[in-house]
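A.B. asks: This is the structure I want to talk about, given as structure tokens.
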Amino acid sequence: MKRESPLDFDADVMRQMGYRVVDALVDYWQRLPSLPLGKCPDRTTLEDLLDEPTPQQPQPFETVLDAFLQKVLPNIVKVDHPRYFAFVPAPNDYVGVLGDFLTAGMNVFVGTWMVGAGATQVERVVIRWLCDWLGFPDSAGGLFVSGGSVANLVCLAAARQRYPDALTRGRVYYSDQTHSCVARAWRILGLREEQLCVLPADEQFQIPLSTLAEQLQRDRAAGWRPFCVVANAGTTNTGAVDPLDALADLCESEGLWLHADGAYGAAAILTQEGKQRLRGIERLHSLAIDPHKWLYQPMMAGCALVREFEHLRAAFRILPPYLQDKERGRGIDLCDYGVELSRNFRALKLWMSLKTHGVEAFRQAMEWNLHLARVAEEAIRRLPDWVIVSPATMGIVAFRYAPPHLDSEQADALNRALVEAMLQDGFALVSSTVLHGRVALRMCTLNPRATEADVLETVRRLHQFAVSYPRGEITT
Ligand SMILES: Cc1ncc(COP(=O)(O)O)c(C=O)c1O
């Protein structure tokens, strides 16, 4: 007796459902520049709107899709919006979106060669492309993971594995500009708080080399076993890049593993500015780089790259009996090189995207991003009472409104309030951070669809909100 799955649809119905989704998507992409950024309502509002018991009865797919479009989408701040300049924007490429759709639809498994040989090879090809851009040797390799946090974790696990006394006497070094996921990675990997040596960055937000060298000597004398330096290849705060070449010299002479968090910035190796700032990147032992940031791919896509691919295997491989069939010696089982066994085909989107556009299109898009940060910086410099805290660096500019009639605390409060004012306004968004002990705003101009006019109007609105502040409520 033929039995149909209760979850299946006729082929024609499947097509209609898919076309509805593509229509909604293309419509969204077309309208996005003229849409408000999106809302961030309070919890009760969204509980009232969305909470419901588990659906018992079927409803038409169109109704469900409409519920997403009408009730959910407006209540999301759109990180792919051309005027989303906050945190790290996430403008994605349409080919990448289709790549994700395809691989989800075919549920491609890339954990073992036995089951996912072709996909594994594509992943290796894409990883090789990244390694080639960066100048890594043939022995290098890596894998796709969910994003920068896991990419750093995977690389640092390989570092820890190389140093047998890492967990007892080991010490690691990085600047206070380093992303919090690095401290979290070390915590997960079992290092104690006192094993993390966080050095205050210098005026340029870079790790201070001579302080680091002195600290290493002091720590060795005190019985510590330094084993790893984590450099920044583009900080979240300001885009700062640590002096990678000089760090590589130091780490070489001290026998330390040099890792860099390039989740944000490493892809800028394709650009002029990136090449210059990232000099020495080819000497790293490991690197985190996120295609879902500056290579415009849909989340989730980070990459953990290591100079010696086999170091990942040494850190991660365990073979249980129920996986013995995969040991056929024909290829590479990527599940042996990281934390995930079930791995989806994250490389497909970047593979399709790079092949469809060609790398030159990416280079141009990134150069445009860098240009827009300079446009923002110049516009801010032209305004009275604004200071540039960190000039345009790798697509990020940091600045602060500091009129003479406000003391530092008042100016801090005002700068923080400007983020809220922009969010309420809905035209554009920037985010705030703390630099040199004071609140600063930052714009990250990562969206290739952003225009100069978008940037200039964002700066104009910021100024308008700022000057209206002391005389009462912020108004448009
Ligand atoms: C420099 C840097 N490192 C790591 C991360 C964490 O990456 P993810 O959010 O993909 O886990 C970020 C996120 O913005 C980042 O900017």
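So you can find residues: chains in the structure tokens are A, B, ... in the order shown, residues in each start at 1, and ligands are numbered from 1 in order.
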Write as a PyMOL selection string the residues around ligand 1, taking 7 Å as the cut-off and counting only C-alpha atoms and all ligand atoms.
C.D. replies: chain A and resi 87-88+146-150+179+181+234-236+261-264+290+302
A.B. asks: Pick out the residues sitting within 10 Å of range 355-360 of chain A, and hand them over as a PyMOL selection string; count only C-alpha atoms, and ignore anything fewer than 5 positions along from it in its own chain.
C.D. replies: chain A and resi 93+95-96+270+349-350+365-366
A.B. asks: Can you pull out every residue from range 89-165 of chain A that DSSP, working from the backbone, puts in helix (DSSP H, G or I), and format the result as a PyMOL selection string?
C.D. replies: chain A and resi 94-106+113-134+148-162
A.B. asks: With only C-alpha atoms as the basis for distance, which of A:Glu4, A:Glu377, A:Asp165, A:Glu327 is at the shortest distance from Thr393 in chain A?
C.D. replies: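 Closest candidate: A:Glu377.
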A.B. asks: Residues of range 214-283 of chain A that have any atom at most 12 Å from an atom of range 304-319 of chain A: could you tabulate them with the shortest-distance atom pair and the distance in Å to one decimal, using only C-alpha atoms, ordered by chain and increasing number, as CSV?
C.D. replies:
residue,atom,partner,partner_atom,distance
A:Trp257,CA,A:Arg307,CA,10.6
A:Leu258,CA,A:Arg307,CA,10.3
A:His259,CA,A:Val306,CA,8.8
A:Ala260,CA,A:Leu305,CA,10.0
A:Asp261,CA,A:Ala304,CA,9.7
A:Gly262,CA,A:Ala304,CA,9.9
A:Ala263,CA,A:Ala304,CA,9.3
A:Ala266,CA,A:Leu305,CA,11.3
A:Ile281,CA,A:Arg307,CA,10.9
A:Glu282,CA,A:Arg307,CA,8.8
A:Arg283,CA,A:Arg307,CA,8.3
A.B. asks: May I have the residues from that selection written out with N, CA and C atoms, as a PDB file, in the first residue's frame?
C.D. replies:
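The new file again-v2.pdb reads:
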ATOM      1  N   TRP A 257      52.541  30.356  19.745  1.00  0.00           N
ATOM      2  CA  TRP A 257      51.537  30.231  18.678  1.00  0.00           C
ATOM      3  C   TRP A 257      50.960  31.625  18.450  1.00  0.00           C
ATOM      4  N   LEU A 258      50.942  32.059  17.205  1.00  0.00           N
ATOM      5  CA  LEU A 258      50.341  33.364  16.890  1.00  0.00           C
ATOM      6  C   LEU A 258      49.029  33.147  16.143  1.00  0.00           C
ATOM      7  N   HIS A 259      47.965  33.485  16.836  1.00  0.00           N
ATOM      8  CA  HIS A 259      46.627  33.412  16.231  1.00  0.00           C
ATOM      9  C   HIS A 259      46.137  34.829  15.971  1.00  0.00           C
ATOM     10  N   ALA A 260      45.331  35.025  14.945  1.00  0.00           N
ATOM     11  CA  ALA A 260      44.686  36.330  14.783  1.00  0.00           C
ATOM     12  C   ALA A 260      43.189  36.162  14.623  1.00  0.00           C
ATOM     13  N   ASP A 261      42.463  37.062  15.271  1.00  0.00           N
ATOM     14  CA  ASP A 261      41.035  37.137  15.053  1.00  0.00           C
ATOM     15  C   ASP A 261      40.793  38.091  13.887  1.00  0.00           C
ATOM     16  N   GLY A 262      40.599  37.490  12.724  1.00  0.00           N
ATOM     17  CA  GLY A 262      40.296  38.283  11.534  1.00  0.00           C
ATOM     18  C   GLY A 262      38.853  38.075  11.118  1.00  0.00           C
ATOM     19  N   ALA A 263      38.013  37.719  12.100  1.00  0.00           N
ATOM     20  CA  ALA A 263      36.603  37.450  11.783  1.00  0.00           C
ATOM     21  C   ALA A 263      36.027  38.624  11.008  1.00  0.00           C
ATOM     22  N   ALA A 266      39.905  40.153   8.142  1.00  0.00           N
ATOM     23  CA  ALA A 266      40.904  39.445   7.322  1.00  0.00           C
ATOM     24  C   ALA A 266      40.562  39.415   5.834  1.00  0.00           C
ATOM     25  N   ILE A 281      50.290  38.710   7.717  1.00  0.00           N
ATOM     26  CA  ILE A 281      49.202  37.767   8.033  1.00  0.00           C
ATOM     27  C   ILE A 281      49.552  36.350   7.587  1.00  0.00           C
ATOM     28  N   GLU A 282      50.403  36.257   6.536  1.00  0.00           N
ATOM     29  CA  GLU A 282      50.776  34.939   6.011  1.00  0.00           C
ATOM     30  C   GLU A 282      51.636  34.149   7.002  1.00  0.00           C
ATOM     31  N   ARG A 283      52.087  34.810   8.068  1.00  0.00           N
ATOM     32  CA  ARG A 283      52.969  34.128   9.020  1.00  0.00           C
ATOM     33  C   ARG A 283      52.230  33.544  10.228  1.00  0.00           C
TER      34      ARG A 283
END
A.B. asks: Applying 9 Å and only C-alpha atoms, which residues near Glu62 in chain A remain after dropping the ones on its own chain fewer than 4 positions away? List them as a ChimeraX atom specification.
C.D. replies: /A:17,20,66-67
A.B. asks: I need the residues from that last selection saved to file as a PDB file, in the first residue's frame (with N, CA and C atoms), if you can.
C.D. replies:
ATOM      1  N   MET A  17       4.710  27.236  -3.508  1.00  0.00           N
ATOM      2  CA  MET A  17       5.208  27.709  -2.202  1.00  0.00           C
ATOM      3  C   MET A  17       6.578  28.375  -2.375  1.00  0.00           C
ATOM      4  N   ARG A  20       6.340  31.761  -4.045  1.00  0.00           N
ATOM      5  CA  ARG A  20       5.860  32.784  -3.099  1.00  0.00           C
ATOM      6  C   ARG A  20       7.020  33.318  -2.263  1.00  0.00           C
ATOM      7  N   ASP A  66       2.658  34.894   5.500  1.00  0.00           N
ATOM      8  CA  ASP A  66       2.183  36.249   5.792  1.00  0.00           C
ATOM      9  C   ASP A  66       2.404  36.615   7.259  1.00  0.00           C
ATOM     10  N   ALA A  67       2.224  35.636   8.137  1.00  0.00           N
ATOM     11  CA  ALA A  67       2.443  35.916   9.563  1.00  0.00           C
ATOM     12  C   ALA A  67       3.888  36.341   9.783  1.00  0.00           C
TER      13      ALA A  67
END
A.B. asks: In Å, how far is it from CA of Phe205 in chain A to CA of Thr178 in chain A?
C.D. replies: 9.8 Å
A.B. asks: Can you check which residues of range 8-205 of chain A DSSP gives as strand (DSSP E) on the backbone and send them as a list in words?
C.D. replies: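 Secondary structure check on range 8-205 of chain A, strand (DSSP E): Gly141, Gly142, Leu143, Phe144, Val145, Gly170, Arg171, Val172, Tyr173, Tyr174, Ser175, Leu196, Cys197, Val198 and Leu199 of chain A.
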A.B. asks: For the residues in that selection, give me C-alpha atoms as an mmCIF file, in the first residue's frame.
C.D. replies:
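Final output, again.cif:
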data_model
loop_
_atom_site.group_PDB
_atom_site.id
_atom_site.type_symbol
_atom_site.label_atom_id
_atom_site.label_comp_id
_atom_site.auth_asym_id
_atom_site.auth_seq_id
_atom_site.Cartn_x
_atom_site.Cartn_y
_atom_site.Cartn_z
ATOM 1 C CA GLY A 141 43.804 24.140 5.791
ATOM 2 C CA GLY A 142 40.662 24.749 7.711
ATOM 3 C CA LEU A 143 36.935 24.409 7.767
ATOM 4 C CA PHE A 144 33.688 26.288 7.839
ATOM 5 C CA VAL A 145 32.016 26.804 11.207
ATOM 6 C CA GLY A 170 50.227 28.259 30.279
ATOM 7 C CA ARG A 171 49.582 31.945 29.716
ATOM 8 C CA VAL A 172 48.066 33.711 26.698
ATOM 9 C CA TYR A 173 48.297 37.344 25.605
ATOM 10 C CA TYR A 174 46.057 39.773 23.796
ATOM 11 C CA SER A 175 44.993 43.396 23.932
ATOM 12 C CA LEU A 196 44.706 35.374 30.388
ATOM 13 C CA CYS A 197 47.008 38.377 30.158
ATOM 14 C CA VAL A 198 45.045 41.289 28.699
ATOM 15 C CA LEU A 199 47.269 44.240 27.815
#
A.B. asks: Compile the contact shell of Asn92 in chain A as a ChimeraX atom specification: residues with an atom at most 8 Å away, counting only C-alpha atoms, same-chain residues fewer than 6 positions apart removed.
C.D. replies: /A:80,292,296-298
A.B. asks: Using the selection just defined, write its residues with all heavy atoms as a PDB file, in the first residue's frame.
C.D. replies:
ATOM      1  N   ASP A  80      20.856  43.905   7.212  1.00  0.00           N
ATOM      2  CA  ASP A  80      21.264  43.980   5.803  1.00  0.00           C
ATOM      3  C   ASP A  80      20.787  45.288   5.155  1.00  0.00           C
ATOM      4  O   ASP A  80      20.951  45.482   3.954  1.00  0.00           O
ATOM      5  CB  ASP A  80      20.715  42.778   5.023  1.00  0.00           C
ATOM      6  CG  ASP A  80      19.212  42.578   5.225  1.00  0.00           C
ATOM      7  OD1 ASP A  80      18.638  43.213   6.143  1.00  0.00           O
ATOM      8  OD2 ASP A  80      18.611  41.800   4.467  1.00  0.00           O
ATOM      9  N   HIS A 292      30.611  35.452   6.586  1.00  0.00           N
ATOM     10  CA  HIS A 292      29.303  36.098   6.795  1.00  0.00           C
ATOM     11  C   HIS A 292      29.454  37.549   7.257  1.00  0.00           C
ATOM     12  O   HIS A 292      28.464  38.209   7.549  1.00  0.00           O
ATOM     13  CB  HIS A 292      28.375  35.276   7.706  1.00  0.00           C
ATOM     14  CG  HIS A 292      28.714  35.256   9.177  1.00  0.00           C
ATOM     15  ND1 HIS A 292      28.145  34.347  10.032  1.00  0.00           N
ATOM     16  CD2 HIS A 292      29.523  36.012   9.953  1.00  0.00           C
ATOM     17  CE1 HIS A 292      28.587  34.551  11.267  1.00  0.00           C
ATOM     18  NE2 HIS A 292      29.426  35.557  11.241  1.00  0.00           N
ATOM     19  N   TYR A 296      30.129  38.997   2.565  1.00  0.00           N
ATOM     20  CA  TYR A 296      28.724  39.218   2.193  1.00  0.00           C
ATOM     21  C   TYR A 296      27.886  37.935   2.129  1.00  0.00           C
ATOM     22  O   TYR A 296      26.925  37.869   1.348  1.00  0.00           O
ATOM     23  CB  TYR A 296      28.649  39.939   0.833  1.00  0.00           C
ATOM     24  CG  TYR A 296      29.576  41.127   0.715  1.00  0.00           C
ATOM     25  CD1 TYR A 296      30.585  41.158  -0.238  1.00  0.00           C
ATOM     26  CD2 TYR A 296      29.444  42.220   1.556  1.00  0.00           C
ATOM     27  CE1 TYR A 296      31.444  42.251  -0.354  1.00  0.00           C
ATOM     28  CE2 TYR A 296      30.292  43.315   1.451  1.00  0.00           C
ATOM     29  CZ  TYR A 296      31.288  43.319   0.499  1.00  0.00           C
ATOM     30  OH  TYR A 296      32.123  44.391   0.387  1.00  0.00           O
ATOM     31  N   GLN A 297      28.246  36.936   2.906  1.00  0.00           N
ATOM     32  CA  GLN A 297      27.458  35.701   2.871  1.00  0.00           C
ATOM     33  C   GLN A 297      26.399  35.715   3.957  1.00  0.00           C
ATOM     34  O   GLN A 297      26.580  36.340   5.002  1.00  0.00           O
ATOM     35  CB  GLN A 297      28.377  34.481   3.043  1.00  0.00           C
ATOM     36  CG  GLN A 297      29.355  34.325   1.910  1.00  0.00           C
ATOM     37  CD  GLN A 297      28.686  34.353   0.550  1.00  0.00           C
ATOM     38  OE1 GLN A 297      27.804  33.544   0.277  1.00  0.00           O
ATOM     39  NE2 GLN A 297      29.086  35.283  -0.307  1.00  0.00           N
ATOM     40  N   PRO A 298      25.281  35.020   3.723  1.00  0.00           N
ATOM     41  CA  PRO A 298      24.283  34.911   4.782  1.00  0.00           C
ATOM     42  C   PRO A 298      24.878  34.204   5.998  1.00  0.00           C
ATOM     43  O   PRO A 298      25.750  33.339   5.848  1.00  0.00           O
ATOM     44  CB  PRO A 298      23.191  34.039   4.163  1.00  0.00           C
ATOM     45  CG  PRO A 298      23.514  33.876   2.731  1.00  0.00           C
ATOM     46  CD  PRO A 298      24.908  34.307   2.493  1.00  0.00           C
TER      47      PRO A 298
END
A.B. asks: Write out as a ChimeraX atom specification the residues lying within 8 Å of Ala119 in chain A, counting only C-alpha atoms and excluding same-chain residues fewer than 6 positions away.
C.D. replies: /A:108-110,345,348
A.B. asks: With N, CA, C and O atoms retained, export the selected residues as a compact mmCIF listing (two decimals), in the first residue's frame.
C.D. replies:
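Saved the output as part27.txt:
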# COMPACT_ATOMS: atom_id res chain seq x y z
N VAL A 108 22.55 18.69 2.50
CA VAL A 108 23.87 18.12 2.22
C VAL A 108 24.67 18.00 3.53
O VAL A 108 24.78 18.96 4.29
N PHE A 109 25.21 16.82 3.75
CA PHE A 109 25.97 16.54 4.98
C PHE A 109 27.46 16.56 4.66
O PHE A 109 27.91 15.88 3.73
N VAL A 110 28.21 17.37 5.40
CA VAL A 110 29.63 17.51 5.06
C VAL A 110 30.51 17.10 6.25
O VAL A 110 31.58 17.67 6.47
N PHE A 345 26.39 22.45 4.55
CA PHE A 345 27.31 22.79 3.46
C PHE A 345 27.47 24.31 3.39
O PHE A 345 26.98 24.94 2.47
N LEU A 348 29.11 26.10 0.29
CA LEU A 348 28.46 26.19 -1.02
C LEU A 348 28.13 27.63 -1.39
O LEU A 348 28.32 28.07 -2.53
A.B. asks: Residues near range 38-44 of chain A, anyone? I mean within 10 Å using only C-alpha atoms, not counting same-chain ones fewer than 4 positions away, as a PyMOL selection string.
C.D. replies: chain A and resi 48-51+73-79+81+423-428
A.B. asks: Restricting the calculation to only C-alpha atoms: of A:Thr168, A:Thr271, A:Asn152, A:Ser180, which residue gets closest to Leu134 in chain A?
C.D. replies: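 Under the stated criterion, the closest residue is A:Thr271.
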A.B. asks: Quick one: of A:Ala157, A:Phe61, A:Gln195, A:Leu414, who's nearest to Arg169 in chain A, counting only C-alpha atoms?
C.D. replies: A:Gln195
A.B. asks: If we count only C-alpha atoms, what is near Gly190 in chain A at a cut-off of 9 Å, once residues fewer than 4 positions away on the same chain are taken out, given as an NGL selection string?
C.D. replies: :A and (167 or 185-186)
A.B. asks: Give me, please, the distance in Å between CA of Pro6 in chain A and CA of Pro53 in chain A, quoted to one decimal.
C.D. replies: 20.8 Å
A.B. asks: Considering only C-alpha atoms, state which residue in the set A:Leu323, A:Leu209, A:Cys444, A:Val439 is at the smallest distance from Glu409 in chain A.
C.D. replies: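 Between A:Leu323, A:Leu209, A:Cys444, A:Val439, the residue approaching Glu409 in chain A most closely is A:Val439.
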A.B. asks: With distances taken over only C-alpha atoms, which of A:Ala392, A:Ala376, A:Ala347, A:Ala268 is nearest to Leu462 in chain A?
C.D. replies: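 Ranking A:Ala392, A:Ala376, A:Ala347, A:Ala268 by distance to Leu462 in chain A, first place goes to A:Ala376.
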A.B. asks: Rounded to one decimal place, report the CA of Ala151 in chain A-CA of Arg184 in chain A distance in Å.
C.D. replies: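 Those two atoms sit 12.2 Å apart.
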